[in-house]
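Heads up, query-v8.cif below (mmCIF, C-alpha atoms):
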```cif
data_protein
#
loop_
_atom_site.label_atom_id
_atom_site.label_comp_id
_atom_site.auth_asym_id
_atom_site.auth_seq_id
_atom_site.Cartn_x
_atom_site.Cartn_y
_atom_site.Cartn_z
CA MET A 4 13.73 53.65 16.67
CA ILE A 5 13.60 54.32 12.95
CA VAL A 6 15.65 51.24 12.07
CA PRO A 7 13.33 48.70 13.78
CA ILE A 8 10.31 50.35 12.09
CA VAL A 9 11.99 50.10 8.69
CA ILE A 10 12.84 46.45 9.32
CA LEU A 11 9.31 45.74 10.50
CA CYS A 12 7.85 47.37 7.39
CA PHE A 13 10.19 45.40 5.15
CA PHE A 14 9.21 42.17 6.88
CA PHE A 15 5.50 42.97 6.61
CA PHE A 16 5.55 43.77 2.89
CA SER A 17 7.82 40.84 2.07
CA CYS A 18 5.52 38.39 3.88
CA SER A 19 2.45 39.97 2.36
CA GLU A 20 3.84 39.52 -1.12
CA THR A 21 4.66 35.83 -0.52
CA ILE A 22 1.24 35.10 0.92
CA SER A 23 -0.44 36.88 -1.96
CA GLU A 24 1.53 34.83 -4.47
CA ASN A 25 0.82 31.53 -2.72
CA ARG A 26 -2.86 32.29 -2.30
CA TYR A 27 -3.60 32.77 -6.00
CA LEU A 28 -7.17 31.64 -6.63
CA PRO A 29 -8.69 31.47 -10.13
CA GLU A 30 -12.07 33.01 -10.76
CA SER A 31 -13.38 29.54 -11.58
CA LEU A 32 -11.69 26.17 -11.11
CA PRO A 33 -10.46 24.30 -14.20
CA SER A 34 -12.00 20.88 -14.77
CA GLU A 35 -10.08 17.68 -14.10
CA GLU A 36 -10.16 16.99 -17.84
CA SER A 37 -8.61 20.34 -18.76
CA ILE A 38 -5.87 19.86 -16.14
CA LYS A 39 -5.07 16.40 -17.52
CA GLU A 40 -5.12 17.81 -21.06
CA THR A 41 -2.62 20.49 -20.04
CA LEU A 42 -0.38 18.01 -18.21
CA SER A 43 -0.40 15.59 -21.17
CA SER A 44 1.67 18.04 -23.23
CA GLU A 45 5.38 17.18 -23.17
CA ILE A 46 6.20 20.86 -23.69
CA HIS A 47 4.20 21.80 -20.60
CA LEU A 48 5.73 18.99 -18.56
CA ASN A 49 9.21 20.22 -19.45
CA GLN A 50 8.25 23.75 -18.43
CA LEU A 51 6.80 22.54 -15.13
CA ASN A 52 9.83 20.39 -14.32
CA GLU A 53 12.19 23.27 -15.09
CA LYS A 54 10.19 25.64 -12.90
CA ALA A 55 10.11 23.11 -10.06
CA LYS A 56 13.87 22.61 -10.39
CA SER A 57 14.45 26.37 -10.18
CA LEU A 58 12.51 26.33 -6.89
CA GLY A 59 14.60 23.46 -5.55
CA TYR A 60 11.91 20.78 -5.92
CA THR A 61 10.84 17.93 -8.12
CA LEU A 62 7.41 18.53 -9.69
CA GLN A 63 5.82 16.10 -7.22
CA GLU A 64 7.49 17.85 -4.27
CA TRP A 65 6.29 21.22 -5.55
CA LYS A 66 2.76 19.88 -5.85
CA GLU A 67 2.84 18.58 -2.25
CA THR A 68 4.23 21.90 -1.02
CA GLU A 69 1.42 23.81 -2.72
CA LYS A 70 -1.18 21.42 -1.25
CA LYS A 71 -0.14 22.46 2.25
CA LEU A 72 -0.84 26.09 1.37
CA VAL A 73 -4.46 25.46 0.35
CA SER A 74 -6.70 26.42 3.26
CA GLU A 75 -10.20 25.24 4.09
CA MET A 76 -11.32 28.80 3.34
CA ASP A 77 -9.85 28.47 -0.16
CA ILE A 78 -11.81 25.24 -0.71
CA ASN A 79 -15.01 26.82 0.65
CA ARG A 80 -14.74 29.49 -2.04
CA TYR A 81 -15.68 26.84 -4.64
CA TRP A 82 -17.57 24.36 -2.46
CA GLY A 83 -21.07 25.69 -3.10
CA SER A 84 -20.82 25.74 -6.90
CA GLU A 85 -19.06 22.36 -7.04
CA LYS A 86 -21.83 20.68 -5.00
CA LYS A 87 -24.49 22.06 -7.35
CA GLN A 88 -22.83 20.36 -10.32
CA LEU A 89 -23.31 16.89 -8.81
CA ARG A 90 -26.27 14.87 -9.97
CA SER A 91 -27.33 13.92 -6.44
CA SER A 92 -26.79 15.28 -2.98
CA ILE A 93 -23.75 14.12 -1.06
CA GLN A 94 -24.78 11.96 1.86
CA ASP A 95 -21.66 10.33 3.31
CA THR A 96 -18.61 12.03 4.77
CA ASP A 97 -16.20 10.00 2.59
CA ALA A 98 -17.80 11.45 -0.57
CA ILE A 99 -17.55 14.95 0.89
CA ASP A 100 -13.88 14.42 1.73
CA ARG A 101 -13.16 13.13 -1.78
CA LEU A 102 -14.82 16.11 -3.42
CA ARG A 103 -13.03 18.60 -1.17
CA GLU A 104 -9.71 16.92 -1.90
CA MET A 105 -10.42 17.13 -5.65
CA ILE A 106 -11.06 20.85 -5.24
CA ARG A 107 -7.76 21.18 -3.35
CA ILE A 108 -5.84 19.47 -6.16
CA ARG A 109 -7.47 21.66 -8.82
CA ILE A 110 -6.50 24.77 -6.85
CA VAL A 111 -2.94 23.45 -6.59
CA TRP A 112 -2.61 22.91 -10.35
CA SER A 113 -4.16 26.31 -11.03
CA ARG A 114 -1.46 27.92 -8.90
CA ILE A 115 1.34 25.87 -10.43
CA PHE A 116 0.18 26.66 -13.98
CA GLN A 117 -0.18 30.33 -13.10
CA LYS A 118 3.36 30.50 -11.68
CA THR A 119 4.72 28.76 -14.78
CA ASN A 120 2.74 31.00 -17.17
CA ILE A 121 0.94 28.02 -18.68
CA SER A 122 -2.56 28.49 -20.04
CA ILE A 123 -4.95 25.67 -19.21
CA LYS A 124 -6.22 23.86 -22.29
CA GLN A 125 -9.92 23.36 -22.86
CA LYS A 126 -11.65 20.94 -25.24
CA PRO A 127 -13.84 22.78 -27.79
CA PHE A 128 -15.37 19.55 -29.10
CA ASP A 129 -18.88 18.90 -30.31
CA GLN A 130 -19.98 16.23 -27.80
CA SER A 131 -22.97 14.92 -29.72
CA LYS A 132 -22.75 11.15 -30.26
CA ALA A 133 -24.35 11.25 -33.70
CA SER A 134 -22.15 14.14 -34.79
CA LEU A 135 -18.91 12.56 -33.60
CA LEU A 136 -19.57 9.07 -34.97
CA SER A 137 -20.42 10.56 -38.35
CA LYS A 138 -16.93 12.11 -38.49
CA ILE A 139 -14.88 8.99 -37.80
CA ASN A 140 -14.26 5.88 -39.88
CA LEU A 141 -14.93 2.74 -37.85
CA SER A 142 -14.62 0.24 -40.71
CA PHE A 143 -11.18 -1.08 -39.77
CA SER A 144 -10.87 0.05 -36.13
CA PRO A 145 -10.35 -2.50 -33.35
CA GLN A 146 -13.61 -2.59 -31.37
CA PHE A 147 -15.64 -4.72 -28.98
CA GLY A 148 -19.33 -4.79 -28.11
CA GLN A 149 -22.42 -3.51 -29.89
CA PRO A 150 -23.12 0.08 -31.06
CA ASN A 151 -26.34 0.16 -29.00
CA SER A 152 -24.50 -0.61 -25.74
CA LYS A 153 -25.08 1.43 -22.59
CA TRP A 154 -21.67 3.11 -22.98
CA VAL A 155 -19.70 3.94 -26.11
CA ILE A 156 -15.99 4.46 -25.38
CA ILE A 157 -13.56 5.71 -28.03
CA GLU A 158 -9.88 5.79 -27.11
CA TRP A 159 -7.07 7.58 -28.99
CA SER A 160 -3.66 6.28 -27.93
CA ASP A 161 -0.24 4.93 -28.89
CA TYR A 162 1.65 1.98 -27.43
CA LEU A 163 4.67 4.26 -26.91
CA CYS A 164 2.67 6.56 -24.61
CA SER A 165 3.49 6.03 -20.91
CA PHE A 166 0.14 7.49 -19.74
CA CYS A 167 -1.68 5.14 -22.15
CA LYS A 168 0.32 2.18 -20.84
CA GLU A 169 -0.53 3.19 -17.26
CA THR A 170 -4.25 3.33 -18.09
CA PHE A 171 -4.56 0.17 -20.18
CA PRO A 172 -4.74 -2.45 -17.38
CA HIS A 173 -7.63 -0.52 -15.81
CA THR A 174 -9.38 -0.19 -19.17
CA LYS A 175 -8.97 -3.92 -19.76
CA LYS A 176 -10.56 -4.71 -16.37
CA LEU A 177 -13.40 -2.35 -17.19
CA LEU A 178 -14.08 -4.08 -20.52
CA THR A 179 -14.21 -7.43 -18.72
CA LYS A 180 -16.45 -6.21 -15.89
CA TYR A 181 -18.94 -4.45 -18.21
CA LYS A 182 -18.45 -6.75 -21.19
CA ASN A 183 -22.04 -6.63 -22.42
CA GLN A 184 -22.57 -2.94 -21.68
CA ILE A 185 -19.66 -1.23 -23.45
CA HIS A 186 -18.95 -0.63 -27.11
CA TYR A 187 -15.19 0.09 -27.10
CA ILE A 188 -13.37 1.51 -30.13
CA HIS A 189 -9.61 1.99 -30.41
CA LYS A 190 -8.19 4.73 -32.65
CA ASP A 191 -4.52 5.38 -33.43
CA PHE A 192 -2.78 8.61 -32.47
CA PRO A 193 1.02 8.33 -32.93
CA LEU A 194 3.20 10.21 -30.48
CA ASP A 195 5.76 10.53 -33.25
CA GLY A 196 4.52 10.20 -36.82
CA ASP A 197 7.63 11.51 -38.53
CA THR A 198 9.03 8.09 -39.42
CA ASP A 199 7.41 4.79 -40.35
CA GLN A 200 9.63 3.05 -37.79
CA SER A 201 7.99 5.03 -34.98
CA LEU A 202 4.61 3.69 -36.17
CA ALA A 203 5.69 0.04 -35.94
CA PRO A 204 3.68 -0.90 -32.80
CA LEU A 205 0.50 0.65 -34.22
CA VAL A 206 1.07 -1.02 -37.60
CA VAL A 207 1.56 -4.42 -35.95
CA SER A 208 -1.56 -3.74 -33.89
CA ARG A 209 -3.61 -3.28 -37.07
CA CYS A 210 -2.36 -6.59 -38.43
CA LEU A 211 -3.09 -8.38 -35.13
CA TRP A 212 -6.64 -7.04 -35.08
CA GLU A 213 -7.23 -8.21 -38.63
CA ASN A 214 -5.82 -11.70 -38.02
CA ASP A 215 -6.62 -12.44 -34.37
CA PRO A 216 -9.37 -10.14 -33.01
CA VAL A 217 -10.44 -12.62 -30.30
CA HIS A 218 -7.16 -12.19 -28.42
CA PHE A 219 -6.67 -8.52 -29.23
CA THR A 220 -6.61 -7.22 -25.64
CA GLU A 221 -3.80 -9.68 -24.87
CA HIS A 222 -1.98 -8.44 -27.96
CA MET A 223 -2.45 -4.85 -26.78
CA GLN A 224 -0.85 -5.73 -23.46
CA ASN A 225 2.07 -7.31 -25.32
CA LEU A 226 2.44 -4.25 -27.54
CA TYR A 227 2.63 -1.91 -24.54
CA ALA A 228 5.32 -4.15 -23.02
CA ASN A 229 7.44 -4.30 -26.19
CA ALA A 230 6.71 -1.07 -28.08
CA LYS A 231 9.95 0.74 -27.24
CA THR A 232 12.03 -2.28 -28.19
CA MET A 233 10.16 -2.57 -31.48
CA ILE A 234 11.04 0.95 -32.64
CA LYS A 235 14.69 0.62 -31.63
CA SER A 236 15.27 -2.62 -33.49
CA GLU A 237 13.98 -4.35 -36.59
CA VAL A 238 14.70 -7.73 -35.00
CA PRO A 239 11.41 -9.55 -34.19
CA ILE A 240 10.41 -9.85 -30.54
CA PRO A 241 11.27 -13.46 -29.49
CA ASN A 242 8.99 -16.08 -27.88
CA GLN A 243 5.77 -14.78 -29.40
CA SER A 244 2.80 -16.54 -31.01
CA SER A 245 2.80 -17.35 -34.70
CA VAL A 246 0.27 -14.60 -35.51
CA TRP A 247 2.41 -12.07 -33.61
CA SER A 248 5.56 -13.17 -35.48
CA GLU A 249 3.76 -12.92 -38.81
CA CYS A 250 2.43 -9.41 -38.04
CA ASP A 251 5.75 -8.29 -36.60
CA SER A 252 7.31 -9.02 -39.98
CA GLN A 253 4.82 -6.66 -41.66
CA ARG A 254 5.88 -3.41 -39.99
CA GLU A 255 6.20 -1.64 -43.34
CA THR A 256 3.00 -2.93 -44.95
CA LYS A 257 1.49 0.05 -46.74
CA LYS A 258 -2.12 -0.97 -46.04
CA TYR A 259 -1.58 -0.86 -42.27
CA LEU A 260 0.60 2.25 -42.38
CA ASP A 261 -2.12 4.08 -44.28
CA LEU A 262 -4.77 3.08 -41.73
CA VAL A 263 -2.64 4.43 -38.86
CA LYS A 264 -1.95 7.70 -40.66
CA LYS A 265 -5.61 8.16 -41.60
CA ASP A 266 -6.60 7.73 -37.94
CA TRP A 267 -4.02 10.36 -36.98
CA GLU A 268 -5.27 12.89 -39.52
CA GLU A 269 -8.87 12.23 -38.54
CA ALA A 270 -8.08 12.77 -34.84
CA LYS A 271 -6.32 16.07 -35.51
CA LYS A 272 -9.36 17.32 -37.41
CA LEU A 273 -11.52 16.48 -34.39
CA GLY A 274 -9.20 18.50 -32.17
CA VAL A 275 -7.41 15.67 -30.38
CA THR A 276 -3.99 16.99 -29.40
CA SER A 277 -2.68 14.59 -26.76
CA ILE A 278 -3.10 11.04 -25.51
CA PRO A 279 -4.68 9.15 -24.02
CA THR A 280 -7.94 10.86 -24.97
CA PHE A 281 -11.28 9.15 -24.37
CA TRP A 282 -14.79 9.97 -25.53
CA VAL A 283 -17.45 8.35 -23.34
CA ASN A 284 -21.13 8.93 -24.15
CA GLY A 285 -20.50 12.54 -25.11
CA LYS A 286 -17.90 13.40 -22.48
CA TRP A 287 -14.21 13.94 -23.25
CA ILE A 288 -11.60 12.69 -20.79
CA VAL A 289 -7.89 13.37 -21.25
CA GLY A 290 -5.05 11.72 -19.37
CA ALA A 291 -4.35 8.57 -17.38
CA LEU A 292 -7.23 6.84 -15.61
CA ASN A 293 -7.27 4.26 -12.83
CA GLN A 294 -10.06 1.89 -11.81
CA ASP A 295 -11.72 4.40 -9.46
CA THR A 296 -11.72 7.22 -12.00
CA TRP A 297 -13.05 4.88 -14.69
CA GLU A 298 -15.94 3.92 -12.42
CA ARG A 299 -16.69 7.60 -11.79
CA VAL A 300 -16.62 8.30 -15.53
CA LEU A 301 -19.13 5.52 -16.19
CA LYS A 302 -21.36 6.77 -13.38
CA ASP A 303 -21.24 10.35 -14.72
CA THR A 304 -21.99 9.25 -18.29
CA SER A 305 -24.64 6.64 -17.57
CA PRO A 306 -27.67 7.21 -19.85
#
```
If you convert what's in this file into structure tokens, what do you get?
Amino acid sequence: MIVPIVILCFFFFSCSETISENRYLPESLPSEESIKETLSSEIHLNQLNEKAKSLGYTLQEWKETEKKLVSEMDINRYWGSEKKQLRSSIQDTDAIDRLREMIRIRIVWSRIFQKTNISIKQKPFDQSKASLLSKINLSFSPQFGQPNSKWVIIEWSDYLCSFCKETFPHTKKLLTKYKNQIHYIHKDFPLDGDTDQSLAPLVVSRCLWENDPVHFTEHMQNLYANAKTMIKSEVPIPNQSSVWSECDSQRETKKYLDLVKKDWEEAKKLGVTSIPTFWVNGKWIVGALNQDTWERVLKDTSP
């Protein structure tokens, strides 16, 4: 009789420990922006992938496994406070479902970060428009629209950044859709600033803006497509326009190199640590965005 009792006790405490670990709930949920900021760090991504591998998963598989462990009761823990933060009451069931799913995902990443001993990053930025714009030099920055537009969007990125490349098509569509309502500003933030060769796409970008601003979004698309080839070879990218060929030959022009490096130093002083980072009417957004999230950002930051 003693043996079954011992086994039962062992089973009970073992299961209790697993459930307790899986049901970790933070005192308050991290924001989507802080989660994206944390995930945008290559060091953190390596840690997360290693942890997932040790558990026998890919990171995506681990995330899906953790999602299944989030109960409706877990979501209800944060539901009341999350609803209060919305500008208007939620009327349709689709909106409710979307918000509850967002809460689920934030719980999942909280648990994953906690199990990997990763601290979630927060943005300690001054969000005042006047204060921010007074700290950045816009004289030579690629930009579209008027300063008094409904939305001011500042983007820090690099053409070698995969998350930036993923976001760009959606940003381009946004600029077309809200052409007369957005003042967009692009700022350079090199992923690797140790060598001038690694800055080549950003340097060429500066030259393209100076010489052909009307077609700059098309040039940006071309830069994202060819950036990795550009840093691996000094041979010009074939079958390009004359202005592209001319700028591609100026990869080591000191004037453009200095502009890129000044942007980088300026961004670090502001506290930008990863890319893509966006500032939209006083709100900071970090990480890849798609069309739906861009629309939500504009709605949340509408004057």
Neighbour list for region 234-249 of chain A as a ChimeraX atom specification, cut-off 10 Å, only C-alpha atoms, skip fewer than 2 positions in-chain
/A:163,199-204,207-208,210-211,214-215,222,225-226,229-232,251-254
Residues near region 167-177 of chain A, anyone? I mean within 10 Å using all atoms listed in the file, not counting same-chain ones fewer than 5 positions away, as a list of chain:residue names.
A:Glu158, A:Trp159, A:Ser160, A:Asp161, A:Tyr162, A:Lys182, A:Ile185, A:Tyr187, A:Thr220, A:Glu221, A:Met223, A:Gln224, A:Leu226, A:Tyr227, A:Ala228, A:Ile278, A:Pro279, A:Thr280, A:Gly290, A:Ala291, A:Leu292, A:Asn293, A:Gln294, A:Asp295, A:Thr296, A:Trp297, A:Glu298, A:Leu301
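With only C-alpha atoms taken into account, the protein and nucleic acid residues at most 8 Å from Pro33 (chain A) (excluding it and anything under 5 positions from it in its own chain) are Ile38, Arg109, Ser113 and Ile123 of chain A.
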Residues picked by the PyMOL selection byres ((chain A and resi 63) around 12) here, as a PyMOL selection string?
chain A and resi 48+51-52+54-56+59-62+64-70+111-112+115
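Across the structure, CA of Gln184 (chain A) and CA of Lys153 (chain A) are spaced 5.1 Å apart.
The closest residue to Asp266 (chain A), picked from A:Asp197, A:Glu53, A:Glu213, A:Asp191 and counting all atoms listed in the file, is A:Asp191.
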For Leu262 (chain A), find every residue with an atom within 12 Å (counting all atoms listed in the file), except residues of its own chain fewer than 2 positions away, and show them as an mmCIF file with C-alpha atoms, keeping the file's coordinate frame.
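This is the output file out-v8.cif:
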```
data_model
loop_
_atom_site.group_PDB
_atom_site.id
_atom_site.type_symbol
_atom_site.label_atom_id
_atom_site.label_comp_id
_atom_site.auth_asym_id
_atom_site.auth_seq_id
_atom_site.Cartn_x
_atom_site.Cartn_y
_atom_site.Cartn_z
ATOM 1 C CA ASN A 140 -14.260 5.880 -39.880
ATOM 2 C CA LEU A 141 -14.930 2.740 -37.850
ATOM 3 C CA SER A 142 -14.620 0.240 -40.710
ATOM 4 C CA PHE A 143 -11.180 -1.080 -39.770
ATOM 5 C CA SER A 144 -10.870 0.050 -36.130
ATOM 6 C CA PRO A 145 -10.350 -2.500 -33.350
ATOM 7 C CA LYS A 190 -8.190 4.730 -32.650
ATOM 8 C CA ASP A 191 -4.520 5.380 -33.430
ATOM 9 C CA PHE A 192 -2.780 8.610 -32.470
ATOM 10 C CA PRO A 193 1.020 8.330 -32.930
ATOM 11 C CA LEU A 202 4.610 3.690 -36.170
ATOM 12 C CA LEU A 205 0.500 0.650 -34.220
ATOM 13 C CA VAL A 206 1.070 -1.020 -37.600
ATOM 14 C CA VAL A 207 1.560 -4.420 -35.950
ATOM 15 C CA SER A 208 -1.560 -3.740 -33.890
ATOM 16 C CA ARG A 209 -3.610 -3.280 -37.070
ATOM 17 C CA CYS A 210 -2.360 -6.590 -38.430
ATOM 18 C CA GLU A 213 -7.230 -8.210 -38.630
ATOM 19 C CA THR A 256 3.000 -2.930 -44.950
ATOM 20 C CA LYS A 257 1.490 0.050 -46.740
ATOM 21 C CA LYS A 258 -2.120 -0.970 -46.040
ATOM 22 C CA TYR A 259 -1.580 -0.860 -42.270
ATOM 23 C CA LEU A 260 0.600 2.250 -42.380
ATOM 24 C CA LYS A 264 -1.950 7.700 -40.660
ATOM 25 C CA LYS A 265 -5.610 8.160 -41.600
ATOM 26 C CA ASP A 266 -6.600 7.730 -37.940
ATOM 27 C CA TRP A 267 -4.020 10.360 -36.980
ATOM 28 C CA GLU A 268 -5.270 12.890 -39.520
ATOM 29 C CA GLU A 269 -8.870 12.230 -38.540
#
```
A:Phe116, A:Trp82, A:Trp154, A:Phe219 ranked by distance to Lys302 (chain A), top pick (using all atoms listed in the file):
A:Trp154
